[in-house]
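A.B. asks: Okay, here's the structure, questions in a sec.
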There are 4 protein chains.
Amino acid sequence: MCRWLAYSGSPLLIEDVLYKPAHSLIVQSLHSTLGAETTNGDGFGLGWYGAGETPGVFRSIEPAWNDRNLRELAAHIESPILFAHIRASSGSPVQQTNCHPFRHGRWLWMHNGVIREFSEVKRELVLAVDPSLYPHIEGSTDSEVFFFLALTLGLEDDPPGAVEQAVGLIEEIGRRHGVANPIQMSVATTDGTSVWAFRYSSEHDSRTLFYSTDVVTLRALHPEVELLAKVSDESRLIVSEPLRDLPGAWNTVPESSYGVVQAGQDELRSFTPKVPSRPTAVPAAP
Amino acid sequence: MCRWLAYSGSPLLIEDVLYKPAHSLIVQSLHSTLGAETTNGDGFGLGWYGAGETPGVFRSIEPAWNDRNLRELAAHIESPILFAHIRASSGSPVQQTNCHPFRHGRWLWMHNGVIREFSEVKRELVLAVDPSLYPHIEGSTDSEVFFFLALTLGLEDDPPGAVEQAVGLIEEIGRRHGVANPIQMSVATTDGTSVWAFRYSSEHDSRTLFYSTDVVTLRALHPEVELLAKVSDESRLIVSEPLRDLPGAWNTVPESSYGVVQAGQDELRSFTPKVPSRPTAVPAAP
Amino acid sequence: MCRWLAYSGSPLLIEDVLYKPAHSLIVQSLHSTLGAETTNGDGFGLGWYGAGETPGVFRSIEPAWNDRNLRELAAHIESPILFAHIRASSGSPVQQTNCHPFRHGRWLWMHNGVIREFSEVKRELVLAVDPSLYPHIEGSTDSEVFFFLALTLGLEDDPPGAVEQAVGLIEEIGRRHGVANPIQMSVATTDGTSVWAFRYSSEHDSRTLFYSTDVVTLRALHPEVELLAKVSDESRLIVSEPLRDLPGAWNTVPESSYGVVQAGQDELRSFTPKVPSRPTAVPAAP
Amino acid sequence: MCRWLAYSGSPLLIEDVLYKPAHSLIVQSLHSTLGAETTNGDGFGLGWYGAGETPGVFRSIEPAWNDRNLRELAAHIESPILFAHIRASSGSPVQQTNCHPFRHGRWLWMHNGVIREFSEVKRELVLAVDPSLYPHIEGSTDSEVFFFLALTLGLEDDPPGAVEQAVGLIEEIGRRHGVANPIQMSVATTDGTSVWAFRYSSEHDSRTLFYSTDVVTLRALHPEVELLAKVSDESRLIVSEPLRDLPGAWNTVPESSYGVVQAGQDELRSFTPKVPSRPTAVPAAP
């Protein structure tokens with residue numbers, strides 16, 4: 001399992017979000033309090049939107065807490081959207097291509113959780129990926145295959161619909177293989193404009209996920225927090241676990257739901273997996 | 001493309017084979033003279049047979065020439081069989097799971113060459129891997145998929161037959177996708193007892209491959225070479241390019257042939273790809 | 001701070017000592033229970049005696065728990081002496097040259113602890129290293145400078161005497177700089193024949209250090225432990241924290257003392273720092 | 001030896017300078033044509049001025065040609081000043097703290113060349129570094145010690161004067177140790193406003209160094225080069241070897257001279273080492 005954070009708002013120096021909070025993601029890499037593991041030291045990744053058409057991605061196999069390049073980038077890059085992820089491998093190799101976030105065009109994707117019995121179901125899931133997308137799978141994680149299933153099923157047009165179908169497919173294939181609870185997930189994805197965050201698990205007992213209270217309210221509650229003076233009113237954080245102990249600041253994303261951080265009013269909706277209607281051929285063994 | 005060496009014979013300190021020759025594989029990592037690239041700095045790997053049931057494998061993403069751990073292991077480990085490989089990536093990521101040799105049970109496999117238009121044909125090739133073997137593919141190279149095809153097609157029972165079928169399949173699938181010359185290869189594989197080395201390319205213009213002259217003859221020719229006094233009569237090297245400029249020491253493995261280094265008389269035979277008779281389903285896109 | 005283990009006895013596969021115990025050093029890299037930090041993920045190192053004149057050293061900046069090469073070496077190398085160390089950096093960079101054990105000729109050295117206010121006293125300590133040894137310092141840790149001070153002061157002739165003098169010097173220089181408790185240490189060193197292990201701190205509140213009960217007694221107490229059947233009577237482990245919960249197996253190395261594991265009777269003696277008599281010039285600033 | 005480039009001018013995407021030219025520094029990492037070595041694969045580094053007080057530094061031990069994070073940063077970060085360096089180690093370990101550029105406050109420093117017999121003279125040179133700066137030396141290269149000598153001798157106030165004194169000191173100490181030609185160097189340093197570049201060697205046979213022709217002239221000569229349309233008139237490159245074959249574009253920095261790229265007219269002046277007048281105590285051995 002892993003920990004992640006997604007920030008959307010006025011451009012901030014990455015370190016303001018990543019290093020400065022008392023229980024920052026960097027601290028969580030050594031001492032997570034709500035995660036399935038206390039240590040998340042099997043690599044990390046950053047995604048940000050700066051110069052260039054696509055988002056920048058920086059991924060490393062070192063633990064986040066001792067990576068000097070991460071500290072350098074965090075102290076010298078600003079971005080209006082930040083995805084950051086620290087990894088605790090559940091078995092797949094520690095290599096850059098297995099670090100989150102994953103990128104396709106302008107899209108980023110990161111995942112905390114697991115597709116259970118992945119080695120059992122991997123072949124069928126991979127076959128369901130569109131053949132034109134298949135060669136772009138670079139690593140060996142369940143999370144990346146999940147991303148490519150969502151892309152196959154329309155992520156770029158209808159993110160919630162595509163993720164609901166991808167999860168429906170993962171559950172169907174898993175159950176066909178006798179897996180009781182095929183998926184456990186908190187997922188964030190973005191196109192560089194909006195951010196979608198999903199909380200779901202087949203057993204309806206999902207990993208924690210929180211979104212920050214709106215900035216105007218937070219400033220009134222905590223005028224002493226300097227960062228709040230810097231950020232715009234519509235700035236928002238979504239996190240695996242709270243970054244500081246700030247009363248009134250963190251709200252649970254409910255079980256089986258998703259949120260959208262976007263221009264205008266943000267939204268929170270229910271999430272219901274759906275088996276995709278388009279055929280997903282399951283070839284026989286040779 | 002890459003460079004490799006395979007040693008079989010009396011147990012030797014790895015460094016005697018890997019570092020000491022004038023044009024050693026370590027030198028070739030910086031300055032290959034016969035390779036497709038002069039620099040082979042995209043990782044390396046060692047396979048050896050020591051304590052333990054399976055061979056040991058040490059793989060690193062650093063260039064071989066500056067890796068201190070490689071030098072340490074080479075100076076402190078002896079083995080009767082040594083596989084060593086230096087990599088020049090043709091595009092797939094530089095990560096340990098993409099470094100050779102690959103291992104399955106007691107078998108090792110390493111490859112210099114390429115499956116052409118691999119991103120075009122990868123999905124079909126991967127589907128032809130036995131589903132029970134599929135989850136053991138860890139990296140993203142053509143070479144590892146080639147190994148798993150050979151395993152699927154009987155490598156452990158009939159190595160030459162399995163490799164001929166794997167190549168037959170790769171050529172068939174490649175040509176179906178319009179690839180003129182689907183494969184270029186020099187391959188070595190071993191079960192810890194015998195070593196098989198193959199030289200082949202669809203265009204019949206294969207990368208160089210050499211085997212060393214038998215030790216008794218070599219000792220007579222070059223009594224001054226100390227290493228020859230250390231090794232047993234049946235010791236043999238197979239290499240991408242000669243390790244030293246020693247007249248009479250190196251013999252070309254002929255185009256489209258393979259050699260077997262084994263107990264008793266070593267052999268050299270012709271190599272003919274064969275399309276496998278067993279069905280290899282090619283599923284339609286979803 | 002860090003964790004380490006030293007094994008001396010009949011040749012064992014490294015994994016028997018390093019991976020198999022329930023609270024192995026690999027487990028401690030994620031979850032140390034007695035250390036100053038719970039996570040020891042800032043690199044690791046192995047030292048062993050195999051083929052070759054000097055001991056082999058394998059050091060990596062990855063965490064021990066996810067390093068596949070470490071697992072490979074552990075499963076394929078046997079040694080009569082094993083030094084293994086996992087690092088939790090107190091600030092100096094995570095790089096191979098800062099990983100323990102350090103080696104000089106046939107000697108290995110590893111340290112858990114700290115020279116306090118090291119950046120204050122480093123220059124003076126480094127100047128006290130013999131100029132002929134000085135160029136061999138490769139990293140930037142307090143532990144390596146401590147090793148070179150011990151070498152300067154006669155480690156190869158009288159290990160306890162040299163370490164007592166090195167500590168005496170460190171304390172003298174530290175106190176001259178106003179450091180209340182200049183050193184905290186558990187140290188192991190070996191020449192490949194005997195092993196010396198030291199427990200000391202200026203404040204007389206040293207990190208834990210344990211030695212295993214003699215094997216004959218242990219076999220009688222725990223006939224069910226398979227490893228005990230494999231090892232010779234004079235085998236011994238010295239560890240930062242016990243490797244398994246085995247009643248009667250672990251004995252505290254007393255405060256301010258050292259042990260020697262050697263041919264014949266092992267010994268346990270008191271440790272008293274001594275300011276070295278030979279002059280250690282402290283040059284003025286330029 | 002190594003290769004480097006320094007850019008100063010209108011803010012550019014790093015990849016425009018680092019990857020796009022036909023004989024870019026990335027190409028030189030595999031195939032340098034004018035360097036002492038053809039391969040410069042022992043790590044690399046970038047320094048740039050973006051958000052934050054100090055310059056950002058990104059350093060890696062991987063070869064530049066295969067580092068994906070380097071490609072990411074280059075495609076997503078803009079800077080008005082860029083220092084980039086590729087390393088060919090002459091023996092010191094490949095670790096991030098040995099990669100250039102080195103940083104102190106707002107200053108960056110990179111070096112191609114060598115202090116000869118460094119292990120002989122290192123102790124004396126290090127002792128000549130101001131004790132308050134000494135603890136900031138993190139690596140083990142001659143180049144970093146050279147930087148700290150220059151800082152000790154006033155780099156921040158008078159860069160040319162400080163470098164002349166540092167070189168004078170290095171030559172004096174080297175000659176006292178019987179080194180015929182103590183230093184070979186091309187050095188670049190910057191405070192984020194101006195850039196100084198030095199070409200010198202004790203034997204007056206220095207490594208190549210080139211500066212680009214002024215942009216107005218270049219645009220007239222080569223209207224087809226798109227990059228020239230993007231950059232401001234006062235933009236300038238200084239490079240170990242030309243980045244493309246562009247007639248009239250590259251001018252040799254003369255032997256024993258230095259250039260300053262600055263607001264207003266750039267300058268080219270002669271360089272004369274001077275033994276520093278302030279005492280540099282050379283302490284006796286302990």
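In the structure tokens, each chain is lettered A, B, ... as it comes, each chain's residues begin at 1, and ligands are numbered from 1 in order of appearance.
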Only residues of chain B matter here; which ones have an atom within 12 Å of chain D, counting only C-alpha atoms? Give them as a ChimeraX atom specification.

C.D. replies: /B:27-32,37-43,60-69,87-95

A.B. asks: Residues at most 12 Å from Gly154 of chain B, counting only C-alpha atoms, excluding those fewer than 2 positions away in the same chain, as number ranges by chain?

C.D. replies: B: 129-130, 147-152, 156-166, 276, 278

A.B. asks: Nearest residue to Pro55 of chain A out of D:Ala75, D:Leu12, D:Leu70, D:Val187, using only C-alpha atoms?

C.D. replies: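 So, comparing all the options, the nearest one is D:Ala75.
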
A.B. asks: Residues at most 8 Å from Gly192 of chain D, counting only C-alpha atoms, excluding those fewer than 3 positions away in the same chain, as a tab-separated table (two decimals) with all heavy atoms, in the first residue's frame?

C.D. replies:
```tsv
chain	number	residue	atom	x	y	z
D	49	TYR	N	18.41	28.44	-12.04
D	49	TYR	CA	17.85	29.45	-11.15
D	49	TYR	C	16.35	29.57	-11.44
D	49	TYR	O	15.96	29.98	-12.53
D	49	TYR	CB	18.55	30.79	-11.34
D	49	TYR	CG	19.98	30.75	-10.84
D	49	TYR	CD1	21.00	30.19	-11.61
D	49	TYR	CD2	20.30	31.21	-9.56
D	49	TYR	CE1	22.30	30.12	-11.13
D	49	TYR	CE2	21.60	31.15	-9.07
D	49	TYR	CZ	22.60	30.59	-9.86
D	49	TYR	OH	23.88	30.51	-9.37
D	55	PRO	N	20.12	28.50	-6.25
D	55	PRO	CA	19.86	27.73	-7.47
D	55	PRO	C	19.44	26.31	-7.13
D	55	PRO	O	19.81	25.77	-6.08
D	55	PRO	CB	21.22	27.74	-8.18
D	55	PRO	CG	22.23	28.02	-7.13
D	55	PRO	CD	21.54	28.87	-6.10
D	81	ILE	N	19.74	30.89	-16.51
D	81	ILE	CA	21.13	30.41	-16.42
D	81	ILE	C	21.07	28.90	-16.25
D	81	ILE	O	20.28	28.40	-15.46
D	81	ILE	CB	21.89	31.05	-15.23
D	81	ILE	CG1	22.18	32.52	-15.53
D	81	ILE	CG2	23.19	30.28	-14.94
D	81	ILE	CD1	23.04	33.22	-14.49
D	106	ARG	N	24.36	31.16	-3.27
D	106	ARG	CA	23.86	31.38	-4.63
D	106	ARG	C	24.86	30.97	-5.71
D	106	ARG	O	24.62	31.16	-6.90
D	106	ARG	CB	23.49	32.87	-4.83
D	106	ARG	CG	22.11	33.20	-4.26
D	106	ARG	CD	21.65	34.60	-4.65
D	106	ARG	NE	21.48	34.79	-6.10
D	106	ARG	CZ	20.40	34.38	-6.79
D	106	ARG	NH1	19.42	33.73	-6.20
D	106	ARG	NH2	20.32	34.62	-8.09
D	107	TRP	N	26.01	30.45	-5.31
D	107	TRP	CA	27.07	30.13	-6.27
D	107	TRP	C	27.05	28.68	-6.76
D	107	TRP	O	26.79	27.76	-5.99
D	107	TRP	CB	28.44	30.42	-5.65
D	107	TRP	CG	28.68	31.90	-5.53
D	107	TRP	CD1	28.15	32.73	-4.59
D	107	TRP	CD2	29.47	32.71	-6.40
D	107	TRP	NE1	28.57	34.04	-4.81
D	107	TRP	CE2	29.38	34.05	-5.92
D	107	TRP	CE3	30.25	32.47	-7.53
D	107	TRP	CZ2	30.04	35.11	-6.54
D	107	TRP	CZ3	30.91	33.53	-8.14
D	107	TRP	CH2	30.79	34.83	-7.66
D	195	VAL	N	28.42	35.02	-15.33
D	195	VAL	CA	29.07	33.72	-15.43
D	195	VAL	C	30.54	33.94	-15.75
D	195	VAL	O	30.86	34.72	-16.66
D	195	VAL	CB	28.44	32.85	-16.54
D	195	VAL	CG1	29.23	31.57	-16.76
D	195	VAL	CG2	26.98	32.53	-16.22
```

A.B. asks: List the spatial neighbours of Gly105 of chain C as a list in words - criterion: any atom at most 12 Å away, only C-alpha atoms, same-chain residues fewer than 6 positions off excluded.

C.D. replies: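 Returned residues: Gly52, Glu53, Thr54, Pro55, Gly56, Val57, Leu133, His136, Leu151, Leu155, Glu156, Thr190, Asp191 and Gly192 of chain C.
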
A.B. asks: Export, as a short mmCIF file (atom, residue, chain, number, x, y, z; two decimals), in the first residue's frame, the selected residues with N, CA and C atoms.

C.D. replies:
```cif
data_model
loop_
_atom_site.label_atom_id
_atom_site.label_comp_id
_atom_site.auth_asym_id
_atom_site.auth_seq_id
_atom_site.Cartn_x
_atom_site.Cartn_y
_atom_site.Cartn_z
N GLY C 52 39.64 -14.98 -2.44
CA GLY C 52 40.32 -13.68 -2.46
C GLY C 52 41.00 -13.40 -1.13
N GLU C 53 41.98 -12.53 -1.16
CA GLU C 53 42.79 -12.22 0.02
C GLU C 53 42.02 -11.42 1.07
N THR C 54 41.33 -10.41 0.61
CA THR C 54 40.62 -9.50 1.52
C THR C 54 39.16 -9.93 1.63
N PRO C 55 38.47 -9.43 2.61
CA PRO C 55 37.03 -9.75 2.68
C PRO C 55 36.28 -9.06 1.54
N GLY C 56 35.19 -9.68 1.12
CA GLY C 56 34.30 -9.04 0.17
C GLY C 56 33.40 -8.06 0.88
N VAL C 57 33.08 -6.96 0.21
CA VAL C 57 32.17 -5.97 0.77
C VAL C 57 31.11 -5.64 -0.27
N LEU C 133 47.36 7.21 5.70
CA LEU C 133 46.03 6.60 5.65
C LEU C 133 44.98 7.57 5.12
N HIS C 136 42.82 7.28 2.00
CA HIS C 136 41.92 6.13 1.89
C HIS C 136 40.54 6.40 2.48
N LEU C 151 42.82 2.80 13.20
CA LEU C 151 43.94 2.27 12.40
C LEU C 151 45.22 3.04 12.69
N LEU C 155 45.18 -0.32 15.47
CA LEU C 155 44.13 -1.35 15.45
C LEU C 155 44.67 -2.72 15.05
N GLU C 156 45.56 -2.73 14.06
CA GLU C 156 46.00 -4.02 13.54
C GLU C 156 46.89 -4.78 14.52
N THR C 190 36.94 -6.85 12.84
CA THR C 190 37.49 -8.20 12.67
C THR C 190 38.66 -8.16 11.69
N ASP C 191 39.56 -9.12 11.91
CA ASP C 191 40.66 -9.31 10.95
C ASP C 191 40.43 -10.58 10.13
N GLY C 192 39.25 -11.16 10.24
CA GLY C 192 38.94 -12.39 9.52
C GLY C 192 39.19 -13.63 10.36
#
```

A.B. asks: For segment 201-210 of chain A, find every residue with an atom within 7 Å (counting only C-alpha atoms), except residues of its own chain fewer than 4 positions away, and show them as a PyMOL selection string.

C.D. replies: chain A and resi 181-186+238-242+250-253+255

A.B. asks: Just the residues within 10 Å of Glu144 of chain D, please, counting only C-alpha atoms, with nothing from its chain fewer than 2 positions along; format it as a ChimeraX atom specification.

C.D. replies: /D:97-103,109-111,137-142,146-150

A.B. asks: Which distance in Å separates atom CA of Ala6 of chain A and atom CA of Gln96 of chain D, to one decimal?

C.D. replies: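 So the two atoms, atom CA of Ala6 of chain A and atom CA of Gln96 of chain D, lie 29.3 Å apart.
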
A.B. asks: I'd like the contact shell of Glu226 of chain A - 12 Å cut-off, only C-alpha atoms, skipping same-chain residues fewer than 5 positions apart - returned as number ranges by chain.

C.D. replies: A: 16, 20-21, 218-219, 231

A.B. asks: Selected residues, N, CA and C atoms, written as an mmCIF file, in the first residue's frame, please.

C.D. replies:
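Result file out.cif:
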```
data_model
loop_
_atom_site.group_PDB
_atom_site.id
_atom_site.type_symbol
_atom_site.label_atom_id
_atom_site.label_comp_id
_atom_site.auth_asym_id
_atom_site.auth_seq_id
_atom_site.Cartn_x
_atom_site.Cartn_y
_atom_site.Cartn_z
ATOM 1 N N ASP A 16 6.172 23.665 0.056
ATOM 2 C CA ASP A 16 5.149 24.164 0.980
ATOM 3 C C ASP A 16 4.108 23.088 1.290
ATOM 4 N N LYS A 20 6.651 20.991 4.391
ATOM 5 C CA LYS A 20 6.480 21.859 5.553
ATOM 6 C C LYS A 20 5.428 21.424 6.564
ATOM 7 N N PRO A 21 4.317 20.804 6.149
ATOM 8 C CA PRO A 21 3.343 20.398 7.170
ATOM 9 C C PRO A 21 3.960 19.427 8.180
ATOM 10 N N LEU A 218 -11.321 27.837 6.410
ATOM 11 C CA LEU A 218 -10.088 27.480 7.128
ATOM 12 C C LEU A 218 -9.345 28.711 7.632
ATOM 13 N N ARG A 219 -9.302 29.742 6.788
ATOM 14 C CA ARG A 219 -8.618 30.975 7.215
ATOM 15 C C ARG A 219 -9.282 31.580 8.449
ATOM 16 N N VAL A 231 -2.561 30.955 -0.364
ATOM 17 C CA VAL A 231 -3.270 30.230 -1.414
ATOM 18 C C VAL A 231 -4.610 30.878 -1.760
#
```

A.B. asks: Taking the chain letters and numbering used in this document, name the residues of segment 30-97 of chain C that DSSP puts in strand (DSSP E or B), as a list in words.

C.D. replies: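 Of segment 30-97 of chain C, only Phe44, Gly45, Leu46, Gly47, Trp48, Gly56, Val57, Phe58, Arg59, Ser60, Glu78, Ser79, Pro80, Ile81, Leu82, Phe83, Ala84, His85, Ile86 and Arg87 of chain C fall in strand (DSSP E or B).
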
A.B. asks: So, with only C-alpha atoms as the atoms that count, which of B:Glu171, B:Leu237, B:Ser143, B:Gly45 lies closest to Ala74 of chain B?

C.D. replies: B:Gly45

A.B. asks: Please identify which residues in segment 22-264 of chain A DSSP calls helix (DSSP H, G or I) from the backbone, and express them as JSON, numbers by chain.

C.D. replies: {"A": [25, 26, 27, 28, 29, 30, 31, 64, 65, 66, 68, 69, 70, 71, 72, 73, 74, 75, 76, 96, 97, 98, 118, 119, 120, 121, 122, 123, 124, 125, 126, 127, 134, 135, 136, 142, 143, 144, 145, 146, 147, 148, 149, 150, 151, 152, 159, 160, 161, 162, 163, 164, 165, 166, 167, 168, 169, 170, 171, 172, 173, 174, 175, 176, 215, 216, 217, 218, 219, 220, 221, 226, 227, 228, 229, 230]}
